[in-house]
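> This is the content of model.json (JSON, C-alpha atoms):
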[["chain", "number", "residue", "atom", "x", "y", "z"],
["X", 265, "GLU", "CA", -16.14, -35.21, -44.91],
["X", 266, "ALA", "CA", -12.72, -36.44, -43.84],
["X", 267, "GLY", "CA", -10.52, -33.90, -42.09],
["X", 268, "VAL", "CA", -6.87, -33.05, -42.54],
["X", 269, "ALA", "CA", -4.72, -36.11, -41.87],
["X", 270, "GLN", "CA", -1.21, -35.99, -40.50],
["X", 271, "SER", "CA", 1.35, -38.64, -39.66],
["X", 272, "PRO", "CA", 3.11, -39.54, -37.56],
["X", 273, "ARG", "CA", 1.40, -38.11, -34.49],
["X", 274, "TYR", "CA", 4.55, -38.27, -32.39],
["X", 275, "LYS", "CA", 8.24, -38.46, -33.24],
["X", 276, "ILE", "CA", 11.32, -38.50, -31.05],
["X", 277, "ILE", "CA", 14.74, -38.10, -32.66],
["X", 278, "GLU", "CA", 18.22, -37.07, -31.68],
["X", 279, "LYS", "CA", 19.74, -33.81, -32.85],
["X", 280, "ARG", "CA", 21.36, -33.91, -36.26],
["X", 281, "GLN", "CA", 18.99, -36.66, -37.39],
["X", 282, "SER", "CA", 16.47, -36.19, -40.19],
["X", 283, "VAL", "CA", 12.69, -36.37, -39.94],
["X", 284, "ALA", "CA", 9.75, -36.07, -42.31],
["X", 285, "PHE", "CA", 6.10, -35.29, -41.70],
["X", 286, "TRP", "CA", 3.21, -36.05, -44.01],
["X", 287, "CYS", "CA", -0.06, -34.22, -44.54],
["X", 288, "ASN", "CA", -3.14, -35.06, -46.58],
["X", 289, "PRO", "CA", -5.49, -32.07, -46.84],
["X", 290, "ILE", "CA", -9.24, -32.09, -47.22],
["X", 291, "SER", "CA", -10.20, -33.22, -50.71],
["X", 292, "GLY", "CA", -10.53, -30.30, -53.11],
["X", 293, "HIS", "CA", -8.72, -27.78, -50.94],
["X", 294, "ALA", "CA", -6.36, -25.70, -53.06],
["X", 295, "THR", "CA", -4.32, -24.16, -50.29],
["X", 296, "LEU", "CA", -2.11, -26.00, -47.81],
["X", 297, "TYR", "CA", -0.18, -24.57, -44.89],
["X", 298, "TRP", "CA", 2.52, -25.86, -42.56],
["X", 299, "TYR", "CA", 2.83, -24.25, -39.13],
["X", 300, "GLN", "CA", 5.29, -24.66, -36.29],
["X", 301, "GLN", "CA", 3.83, -24.35, -32.78],
["X", 302, "ILE", "CA", 6.40, -24.14, -30.03],
["X", 303, "LEU", "CA", 5.14, -24.89, -26.52],
["X", 304, "GLY", "CA", 3.43, -21.85, -25.03],
["X", 305, "GLN", "CA", 3.21, -19.96, -28.31],
["X", 306, "GLY", "CA", 0.77, -19.56, -31.14],
["X", 307, "PRO", "CA", 1.32, -21.27, -34.48],
["X", 308, "LYS", "CA", 3.84, -19.70, -36.82],
["X", 309, "LEU", "CA", 3.41, -20.15, -40.54],
["X", 310, "LEU", "CA", 6.34, -21.91, -42.20],
["X", 311, "ILE", "CA", 5.12, -22.31, -45.76],
["X", 312, "GLN", "CA", 1.97, -21.93, -47.82],
["X", 313, "PHE", "CA", 1.17, -23.81, -51.03],
["X", 314, "GLN", "CA", -1.44, -22.97, -53.62],
["X", 315, "ASN", "CA", -2.07, -26.20, -55.52],
["X", 316, "ASN", "CA", 1.52, -27.42, -56.05],
["X", 317, "GLY", "CA", 3.18, -23.99, -56.09],
["X", 318, "VAL", "CA", 4.72, -22.11, -53.16],
["X", 319, "VAL", "CA", 2.88, -18.89, -52.24],
["X", 320, "ASP", "CA", 5.06, -17.91, -49.30],
["X", 321, "ASP", "CA", 8.03, -19.55, -47.63],
["X", 322, "SER", "CA", 9.59, -16.45, -46.12],
["X", 323, "GLN", "CA", 9.53, -17.89, -42.60],
["X", 324, "LEU", "CA", 10.87, -21.32, -43.52],
["X", 325, "PRO", "CA", 14.48, -21.93, -42.35],
["X", 326, "LYS", "CA", 15.63, -23.11, -45.73],
["X", 327, "ASP", "CA", 19.03, -24.27, -44.58],
["X", 328, "ARG", "CA", 17.42, -27.21, -42.81],
["X", 329, "PHE", "CA", 13.70, -27.26, -43.65],
["X", 330, "SER", "CA", 12.17, -28.25, -46.95],
["X", 331, "ALA", "CA", 8.63, -28.93, -48.10],
["X", 332, "GLU", "CA", 6.94, -30.13, -51.21],
["X", 333, "ARG", "CA", 3.41, -30.66, -52.44],
["X", 334, "LEU", "CA", 3.55, -32.96, -55.40],
["X", 335, "LYS", "CA", 0.50, -33.08, -57.67],
["X", 336, "GLY", "CA", -1.16, -30.41, -55.57],
["X", 337, "VAL", "CA", -2.56, -32.85, -53.03],
["X", 338, "ASP", "CA", -0.59, -34.22, -50.09],
["X", 339, "SER", "CA", 2.56, -32.65, -48.75],
["X", 340, "THR", "CA", 5.70, -33.52, -46.84],
["X", 341, "LEU", "CA", 7.78, -31.33, -44.55],
["X", 342, "LYS", "CA", 11.36, -32.38, -43.87],
["X", 343, "ILE", "CA", 13.95, -31.27, -41.35],
["X", 344, "GLN", "CA", 17.55, -32.16, -42.01],
["X", 345, "PRO", "CA", 19.48, -31.97, -39.70],
["X", 346, "ALA", "CA", 17.26, -31.36, -36.68],
["X", 347, "LYS", "CA", 18.23, -29.05, -33.84],
["X", 348, "LEU", "CA", 17.00, -28.98, -30.26],
["X", 349, "GLU", "CA", 15.01, -25.81, -30.94],
["X", 350, "ASP", "CA", 12.98, -27.64, -33.60],
["X", 351, "SER", "CA", 11.05, -29.41, -30.83],
["X", 352, "ALA", "CA", 7.48, -28.33, -31.46],
["X", 353, "VAL", "CA", 4.13, -29.41, -32.83],
["X", 354, "TYR", "CA", 3.97, -29.20, -36.61],
["X", 355, "LEU", "CA", 0.47, -28.42, -37.81],
["X", 356, "CYS", "CA", -0.86, -28.81, -41.31],
["X", 357, "ALA", "CA", -3.93, -26.90, -42.44],
["X", 358, "SER", "CA", -5.86, -26.54, -45.66],
["X", 359, "SER", "CA", -8.42, -24.14, -47.06],
["X", 360, "LEU", "CA", -10.74, -24.27, -50.00],
["X", 361, "VAL", "CA", -10.15, -21.19, -52.06],
["X", 362, "VAL", "CA", -7.13, -19.62, -53.65],
["X", 363, "THR", "CA", -7.55, -16.15, -52.13],
["X", 364, "ALA", "CA", -7.19, -17.44, -48.61],
["X", 365, "GLU", "CA", -6.73, -14.26, -46.59],
["X", 366, "ALA", "CA", -10.21, -14.53, -45.11],
["X", 367, "ASP", "CA", -10.90, -18.18, -45.72],
["X", 368, "THR", "CA", -11.39, -20.75, -42.98],
["X", 369, "GLN", "CA", -8.39, -22.96, -42.39],
["X", 370, "TYR", "CA", -8.97, -26.56, -41.31],
["X", 371, "PHE", "CA", -6.23, -27.97, -39.13],
["X", 372, "GLY", "CA", -4.93, -31.48, -38.69],
["X", 373, "PRO", "CA", -4.11, -32.93, -35.26],
["X", 374, "GLY", "CA", -0.40, -32.13, -35.63],
["X", 375, "THR", "CA", 2.84, -34.02, -35.23],
["X", 376, "ARG", "CA", 4.64, -33.55, -31.92],
["X", 377, "LEU", "CA", 8.40, -33.59, -32.52],
["X", 378, "THR", "CA", 10.86, -33.98, -29.67],
["X", 379, "VAL", "CA", 14.54, -33.50, -30.48],
["X", 380, "LEU", "CA", 16.91, -34.88, -27.82],
["O", 48, "ALA", "CA", 3.31, -5.69, -40.02],
["O", 49, "GLN", "CA", 0.54, -6.80, -37.74],
["O", 50, "SER", "CA", 0.76, -8.20, -34.23],
["O", 51, "VAL", "CA", -1.67, -9.84, -31.84],
["O", 52, "THR", "CA", -1.65, -9.58, -28.06],
["O", 53, "GLN", "CA", -3.63, -11.92, -25.88],
["O", 54, "LEU", "CA", -3.51, -10.23, -22.53],
["O", 55, "ASP", "CA", -4.16, -13.25, -20.34],
["O", 56, "SER", "CA", -2.12, -16.44, -20.54],
["O", 57, "GLN", "CA", -4.55, -18.29, -18.28],
["O", 58, "VAL", "CA", -8.17, -17.65, -17.28],
["O", 59, "PRO", "CA", -9.68, -19.83, -14.55],
["O", 60, "VAL", "CA", -13.45, -19.72, -14.18],
["O", 61, "PHE", "CA", -16.20, -21.75, -12.55],
["O", 62, "GLU", "CA", -18.71, -23.68, -14.60],
["O", 63, "GLU", "CA", -21.77, -21.66, -15.70],
["O", 64, "ALA", "CA", -19.97, -18.36, -15.08],
["O", 65, "PRO", "CA", -19.43, -15.86, -17.92],
["O", 66, "VAL", "CA", -16.00, -15.44, -19.45],
["O", 67, "GLU", "CA", -14.15, -12.93, -21.61],
["O", 68, "LEU", "CA", -10.86, -13.67, -23.34],
["O", 69, "ARG", "CA", -9.08, -10.54, -24.47],
["O", 70, "CYS", "CA", -7.35, -9.91, -27.78],
["O", 71, "ASN", "CA", -5.80, -6.73, -29.11],
["O", 72, "TYR", "CA", -4.19, -6.29, -32.49],
["O", 73, "SER", "CA", -2.07, -3.71, -34.20],
["O", 74, "SER", "CA", -2.19, -3.07, -37.90],
["O", 75, "SER", "CA", -2.12, -0.01, -40.07],
["O", 76, "VAL", "CA", -4.50, -1.51, -42.61],
["O", 77, "SER", "CA", -7.82, -3.28, -42.55],
["O", 78, "VAL", "CA", -7.73, -6.72, -41.05],
["O", 79, "TYR", "CA", -9.65, -9.95, -40.77],
["O", 80, "LEU", "CA", -9.90, -11.39, -37.27],
["O", 81, "PHE", "CA", -10.29, -14.96, -36.09],
["O", 82, "TRP", "CA", -10.66, -16.96, -32.90],
["O", 83, "TYR", "CA", -9.57, -20.59, -32.86],
["O", 84, "VAL", "CA", -9.90, -23.22, -30.13],
["O", 85, "GLN", "CA", -7.42, -26.02, -29.55],
["O", 86, "TYR", "CA", -8.43, -28.98, -27.39],
["O", 87, "PRO", "CA", -5.65, -31.13, -25.90],
["O", 88, "ASN", "CA", -3.75, -33.12, -28.51],
["O", 89, "GLN", "CA", -5.87, -31.75, -31.33],
["O", 90, "GLY", "CA", -5.46, -29.22, -34.09],
["O", 91, "LEU", "CA", -7.05, -25.78, -34.12],
["O", 92, "GLN", "CA", -10.74, -25.36, -34.89],
["O", 93, "LEU", "CA", -12.30, -22.11, -36.04],
["O", 94, "LEU", "CA", -14.75, -20.60, -33.52],
["O", 95, "LEU", "CA", -15.64, -17.45, -35.42],
["O", 96, "LYS", "CA", -14.27, -14.79, -37.73],
["O", 97, "TYR", "CA", -14.84, -11.12, -38.49],
["O", 98, "LEU", "CA", -14.55, -10.04, -42.10],
["O", 99, "SER", "CA", -16.80, -6.98, -42.34],
["O", 100, "GLY", "CA", -20.26, -5.77, -41.45],
["O", 101, "SER", "CA", -21.77, -6.23, -38.01],
["O", 102, "THR", "CA", -19.18, -5.84, -35.29],
["O", 103, "LEU", "CA", -20.77, -8.57, -33.16],
["O", 104, "VAL", "CA", -19.90, -11.98, -34.49],
["O", 105, "LYS", "CA", -21.50, -15.19, -33.30],
["O", 106, "GLY", "CA", -19.65, -18.46, -33.50],
["O", 107, "ILE", "CA", -19.98, -22.09, -32.58],
["O", 108, "ASN", "CA", -20.49, -23.49, -29.08],
["O", 109, "GLY", "CA", -22.21, -20.31, -27.86],
["O", 110, "PHE", "CA", -19.17, -18.04, -28.26],
["O", 111, "GLU", "CA", -19.31, -14.52, -29.64],
["O", 112, "ALA", "CA", -16.80, -11.74, -30.21],
["O", 113, "GLU", "CA", -17.03, -8.02, -30.76],
["O", 114, "PHE", "CA", -14.81, -6.09, -33.13],
["O", 115, "ASN", "CA", -13.89, -2.67, -31.77],
["O", 116, "LYS", "CA", -11.92, -0.69, -34.32],
["O", 117, "SER", "CA", -11.23, 2.30, -32.10],
["O", 118, "GLN", "CA", -9.75, 0.10, -29.39],
["O", 119, "THR", "CA", -8.26, -2.39, -31.88],
["O", 120, "SER", "CA", -9.75, -5.23, -29.91],
["O", 121, "PHE", "CA", -11.59, -8.45, -30.68],
["O", 122, "HIS", "CA", -12.56, -9.94, -27.32],
["O", 123, "LEU", "CA", -14.18, -13.37, -27.10],
["O", 124, "ARG", "CA", -17.11, -13.93, -24.75],
["O", 125, "LYS", "CA", -19.42, -16.67, -23.57],
["O", 126, "PRO", "CA", -22.26, -16.03, -21.09],
["O", 127, "SER", "CA", -22.06, -19.43, -19.42],
["O", 128, "VAL", "CA", -19.14, -21.82, -19.76],
["O", 129, "HIS", "CA", -19.07, -25.60, -19.51],
["O", 130, "ILE", "CA", -16.36, -27.96, -18.36],
["O", 131, "SER", "CA", -15.96, -28.99, -22.00],
["O", 132, "ASP", "CA", -14.85, -25.45, -22.90],
["O", 133, "THR", "CA", -11.55, -26.07, -21.16],
["O", 134, "ALA", "CA", -9.01, -25.56, -23.95],
["O", 135, "GLU", "CA", -6.47, -23.17, -25.45],
["O", 136, "TYR", "CA", -7.90, -20.23, -27.38],
["O", 137, "PHE", "CA", -5.99, -18.36, -30.07],
["O", 138, "CYS", "CA", -6.73, -15.00, -31.61],
["O", 139, "ALA", "CA", -5.39, -14.47, -35.13],
["O", 140, "VAL", "CA", -5.31, -11.69, -37.71],
["O", 141, "THR", "CA", -4.67, -11.47, -41.42],
["O", 142, "ARG", "CA", -4.63, -8.27, -43.37],
["O", 143, "GLY", "CA", -6.00, -7.58, -46.78],
["O", 144, "GLY", "CA", -3.63, -8.75, -49.50],
["O", 145, "SER", "CA", -1.61, -10.99, -47.22],
["O", 146, "TYR", "CA", -2.16, -14.70, -46.74],
["O", 147, "ILE", "CA", 0.04, -14.90, -43.67],
["O", 148, "PRO", "CA", -1.95, -15.06, -40.43],
["O", 149, "THR", "CA", -0.42, -13.86, -37.19],
["O", 150, "PHE", "CA", -1.48, -15.74, -34.08],
["O", 151, "GLY", "CA", -1.42, -14.60, -30.49],
["O", 152, "ARG", "CA", 0.29, -16.66, -27.82],
["O", 153, "GLY", "CA", -2.96, -18.21, -26.70],
["O", 154, "THR", "CA", -5.11, -18.09, -23.58],
["O", 155, "SER", "CA", -5.69, -21.23, -21.56],
["O", 156, "LEU", "CA", -9.31, -21.33, -20.36],
["O", 157, "ILE", "CA", -9.70, -23.59, -17.34],
["O", 158, "VAL", "CA", -13.27, -24.30, -16.27],
["O", 159, "HIS", "CA", -13.67, -25.64, -12.74],
["O", 160, "PRO", "CA", -16.74, -27.57, -11.55]]
Could you write out this structure as structure tokens?


Amino acid sequence: EAGVAQSPRYKIIEKRQSVAFWCNPISGHATLYWYQQILGQGPKLLIQFQNNGVVDDSQLPKDRFSAERLKGVDSTLKIQPAKLEDSAVYLCASSLVVTAEADTQYFGPGTRLTVL
Amino acid sequence: AQSVTQLDSQVPVFEEAPVELRCNYSSSVSVYLFWYVQYPNQGLQLLLKYLSGSTLVKGINGFEAEFNKSQTSFHLRKPSVHISDTAEYFCAVTRGGSYIPTFGRGTSLIVHP
């Protein structure tokens, strides 16, 4: 079974530029998550999708971050414009069932973003 | 709101020695508890989870954790570690009715030969 795929693995941009990350979850997984992991901290949930609908985006900085999951499969996370404090690893995860509070999440390898 | 405290940022240990990584949580409602491992340049992988039932949970790679409701703890243990266990370990909690997990800051386990 293929795991969660993410690209690119690394990205370096200058502040005020735009960047996009892509995630392809495990086939058949209904729920998709985007996390931000700042160095030295645990992952923080940015947004959760259930199929192609948003379940929770309360921690997403909507003035600069956006995300979509077209057709309920793969997803993109965009930052526009980027700030220095956005430097982090962006993790995508997916889980099988809709009621995901106790379900196992499967994580991708992450995209390491450096904003200069 | 729930919170997770991992009391040790770094735990050095010699190979074949036992190890305990500590995790405490705070929540006013029932919770589900998880331990994840993150190897360098990789995503998180689930080690084990507590949902209900037996308070001693066994996971992959010889790890186990014990849920202690009175002490609000969920410490991770392994009786004999290997060099390959060197990684970052994260404790996480979700509460019933909420899909938003809260992660601790992580504990770096460093196994020396």

> Please determine the contact residues of chain X with respect to chain O at a cut-off of 6 Å, counting only C-alpha atoms, and supply them as a PyMOL selection string.

chain X and resi 305-306+365+371-373

> Just give me the gap between atom CA of Gln300 of chain X and atom CA of Ile277 of chain X in Å, one decimal is fine.

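For atom CA of Gln300 of chain X relative to atom CA of Ile277 of chain X, the distance reads 16.8 Å.
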
> Given all atoms listed in the file as the basis, pick out the residue of X:Lys347, X:Lys326, X:Arg376, X:Lys308 nearest to Gln281 of chain X.

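Closest to Gln281 of chain X of all the choices is X:Lys347.
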
> I'd like the contact shell of Gln369 of chain X - 6 Å cut-off, all atoms listed in the file, skipping same-chain residues fewer than 2 positions apart - returned as a list in words.

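Neighbouring residues, sequence-local ones excluded: Ala357, Ser358 and Ser359 of chain X.
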
> Quick check, in Å to one decimal: how far apart do atom CA of Asn315 of chain X and atom CA of Thr295 of chain X lie?

6.0 Å

> Please provide the set of residues having any atom within 9 Å of Asn71 of chain O, restricted to all atoms listed in the file, with same-chain residues fewer than 6 positions apart removed, written as a ChimeraX atom specification.

/O:50-54,118-122,138

> If I only have part of segment 123-145 of chain O, can you fill in N, CA, C and O atoms and write it as a PDB file, in the coordinates of the input?


ATOM      1  N   LEU O 123     -13.303 -12.193 -26.990  1.00  0.00           N
ATOM      2  CA  LEU O 123     -14.180 -13.370 -27.100  1.00  0.00           C
ATOM      3  C   LEU O 123     -14.970 -13.515 -25.812  1.00  0.00           C
ATOM      4  O   LEU O 123     -14.404 -13.416 -24.718  1.00  0.00           O
ATOM      5  N   ARG O 124     -16.273 -13.814 -25.936  1.00  0.00           N
ATOM      6  CA  ARG O 124     -17.110 -13.930 -24.750  1.00  0.00           C
ATOM      7  C   ARG O 124     -18.018 -15.160 -24.837  1.00  0.00           C
ATOM      8  O   ARG O 124     -18.357 -15.623 -25.932  1.00  0.00           O
ATOM      9  N   LYS O 125     -18.379 -15.641 -23.657  1.00  0.00           N
ATOM     10  CA  LYS O 125     -19.420 -16.670 -23.570  1.00  0.00           C
ATOM     11  C   LYS O 125     -20.157 -16.431 -22.265  1.00  0.00           C
ATOM     12  O   LYS O 125     -19.547 -16.265 -21.206  1.00  0.00           O
ATOM     13  N   PRO O 126     -21.492 -16.379 -22.303  1.00  0.00           N
ATOM     14  CA  PRO O 126     -22.260 -16.030 -21.090  1.00  0.00           C
ATOM     15  C   PRO O 126     -22.236 -17.098 -20.014  1.00  0.00           C
ATOM     16  O   PRO O 126     -22.395 -16.783 -18.838  1.00  0.00           O
ATOM     17  N   SER O 127     -22.037 -18.355 -20.402  1.00  0.00           N
ATOM     18  CA  SER O 127     -22.060 -19.430 -19.420  1.00  0.00           C
ATOM     19  C   SER O 127     -21.180 -20.581 -19.926  1.00  0.00           C
ATOM     20  O   SER O 127     -21.525 -21.217 -20.923  1.00  0.00           O
ATOM     21  N   VAL O 128     -20.079 -20.824 -19.248  1.00  0.00           N
ATOM     22  CA  VAL O 128     -19.140 -21.820 -19.760  1.00  0.00           C
ATOM     23  C   VAL O 128     -19.424 -23.208 -19.191  1.00  0.00           C
ATOM     24  O   VAL O 128     -20.019 -23.351 -18.122  1.00  0.00           O
ATOM     25  N   HIS O 129     -18.958 -24.214 -19.930  1.00  0.00           N
ATOM     26  CA  HIS O 129     -19.070 -25.600 -19.510  1.00  0.00           C
ATOM     27  C   HIS O 129     -17.678 -26.181 -19.293  1.00  0.00           C
ATOM     28  O   HIS O 129     -16.689 -25.644 -19.811  1.00  0.00           O
ATOM     29  N   ILE O 130     -17.639 -27.282 -18.569  1.00  0.00           N
ATOM     30  CA  ILE O 130     -16.360 -27.960 -18.360  1.00  0.00           C
ATOM     31  C   ILE O 130     -15.685 -28.258 -19.700  1.00  0.00           C
ATOM     32  O   ILE O 130     -14.462 -28.134 -19.851  1.00  0.00           O
ATOM     33  N   SER O 131     -16.481 -28.610 -20.691  1.00  0.00           N
ATOM     34  CA  SER O 131     -15.960 -28.990 -22.000  1.00  0.00           C
ATOM     35  C   SER O 131     -15.321 -27.831 -22.753  1.00  0.00           C
ATOM     36  O   SER O 131     -14.677 -28.042 -23.787  1.00  0.00           O
ATOM     37  N   ASP O 132     -15.484 -26.614 -22.262  1.00  0.00           N
ATOM     38  CA  ASP O 132     -14.850 -25.450 -22.900  1.00  0.00           C
ATOM     39  C   ASP O 132     -13.395 -25.301 -22.496  1.00  0.00           C
ATOM     40  O   ASP O 132     -12.685 -24.436 -23.021  1.00  0.00           O
ATOM     41  N   THR O 133     -12.953 -26.107 -21.560  1.00  0.00           N
ATOM     42  CA  THR O 133     -11.550 -26.070 -21.160  1.00  0.00           C
ATOM     43  C   THR O 133     -10.667 -26.385 -22.364  1.00  0.00           C
ATOM     44  O   THR O 133     -10.764 -27.466 -22.953  1.00  0.00           O
ATOM     45  N   ALA O 134      -9.829 -25.425 -22.737  1.00  0.00           N
ATOM     46  CA  ALA O 134      -9.010 -25.560 -23.950  1.00  0.00           C
ATOM     47  C   ALA O 134      -8.115 -24.331 -24.068  1.00  0.00           C
ATOM     48  O   ALA O 134      -8.169 -23.416 -23.248  1.00  0.00           O
ATOM     49  N   GLU O 135      -7.306 -24.328 -25.118  1.00  0.00           N
ATOM     50  CA  GLU O 135      -6.470 -23.170 -25.450  1.00  0.00           C
ATOM     51  C   GLU O 135      -7.179 -22.395 -26.555  1.00  0.00           C
ATOM     52  O   GLU O 135      -7.683 -22.978 -27.518  1.00  0.00           O
ATOM     53  N   TYR O 136      -7.204 -21.081 -26.409  1.00  0.00           N
ATOM     54  CA  TYR O 136      -7.900 -20.230 -27.380  1.00  0.00           C
ATOM     55  C   TYR O 136      -6.904 -19.267 -28.001  1.00  0.00           C
ATOM     56  O   TYR O 136      -6.137 -18.600 -27.299  1.00  0.00           O
ATOM     57  N   PHE O 137      -6.934 -19.197 -29.329  1.00  0.00           N
ATOM     58  CA  PHE O 137      -5.990 -18.360 -30.070  1.00  0.00           C
ATOM     59  C   PHE O 137      -6.734 -17.312 -30.885  1.00  0.00           C
ATOM     60  O   PHE O 137      -7.670 -17.635 -31.614  1.00  0.00           O
ATOM     61  N   CYS O 138      -6.271 -16.089 -30.775  1.00  0.00           N
ATOM     62  CA  CYS O 138      -6.730 -15.000 -31.610  1.00  0.00           C
ATOM     63  C   CYS O 138      -5.751 -14.866 -32.779  1.00  0.00           C
ATOM     64  O   CYS O 138      -4.536 -15.042 -32.592  1.00  0.00           O
ATOM     65  N   ALA O 139      -6.262 -14.595 -33.970  1.00  0.00           N
ATOM     66  CA  ALA O 139      -5.390 -14.470 -35.130  1.00  0.00           C
ATOM     67  C   ALA O 139      -5.883 -13.349 -36.034  1.00  0.00           C
ATOM     68  O   ALA O 139      -7.071 -13.009 -36.038  1.00  0.00           O
ATOM     69  N   VAL O 140      -4.976 -12.782 -36.806  1.00  0.00           N
ATOM     70  CA  VAL O 140      -5.310 -11.690 -37.710  1.00  0.00           C
ATOM     71  C   VAL O 140      -4.599 -11.882 -39.048  1.00  0.00           C
ATOM     72  O   VAL O 140      -3.455 -12.332 -39.084  1.00  0.00           O
ATOM     73  N   THR O 141      -5.306 -11.623 -40.118  1.00  0.00           N
ATOM     74  CA  THR O 141      -4.670 -11.470 -41.420  1.00  0.00           C
ATOM     75  C   THR O 141      -5.084 -10.108 -41.943  1.00  0.00           C
ATOM     76  O   THR O 141      -6.120  -9.577 -41.550  1.00  0.00           O
ATOM     77  N   ARG O 142      -4.276  -9.560 -42.794  1.00  0.00           N
ATOM     78  CA  ARG O 142      -4.630  -8.270 -43.370  1.00  0.00           C
ATOM     79  C   ARG O 142      -4.871  -8.418 -44.851  1.00  0.00           C
ATOM     80  O   ARG O 142      -4.370  -9.352 -45.480  1.00  0.00           O
ATOM     81  N   GLY O 143      -5.653  -7.511 -45.383  1.00  0.00           N
ATOM     82  CA  GLY O 143      -6.000  -7.580 -46.780  1.00  0.00           C
ATOM     83  C   GLY O 143      -4.767  -7.647 -47.671  1.00  0.00           C
ATOM     84  O   GLY O 143      -3.843  -6.877 -47.505  1.00  0.00           O
ATOM     85  N   GLY O 144      -4.755  -8.616 -48.599  1.00  0.00           N
ATOM     86  CA  GLY O 144      -3.630  -8.750 -49.500  1.00  0.00           C
ATOM     87  C   GLY O 144      -2.546  -9.664 -49.013  1.00  0.00           C
ATOM     88  O   GLY O 144      -1.613  -9.993 -49.761  1.00  0.00           O
ATOM     89  N   SER O 145      -2.629 -10.084 -47.763  1.00  0.00           N
ATOM     90  CA  SER O 145      -1.610 -10.990 -47.220  1.00  0.00           C
ATOM     91  C   SER O 145      -2.258 -12.292 -46.809  1.00  0.00           C
ATOM     92  O   SER O 145      -3.314 -12.302 -46.202  1.00  0.00           O
TER      93      SER O 145
END
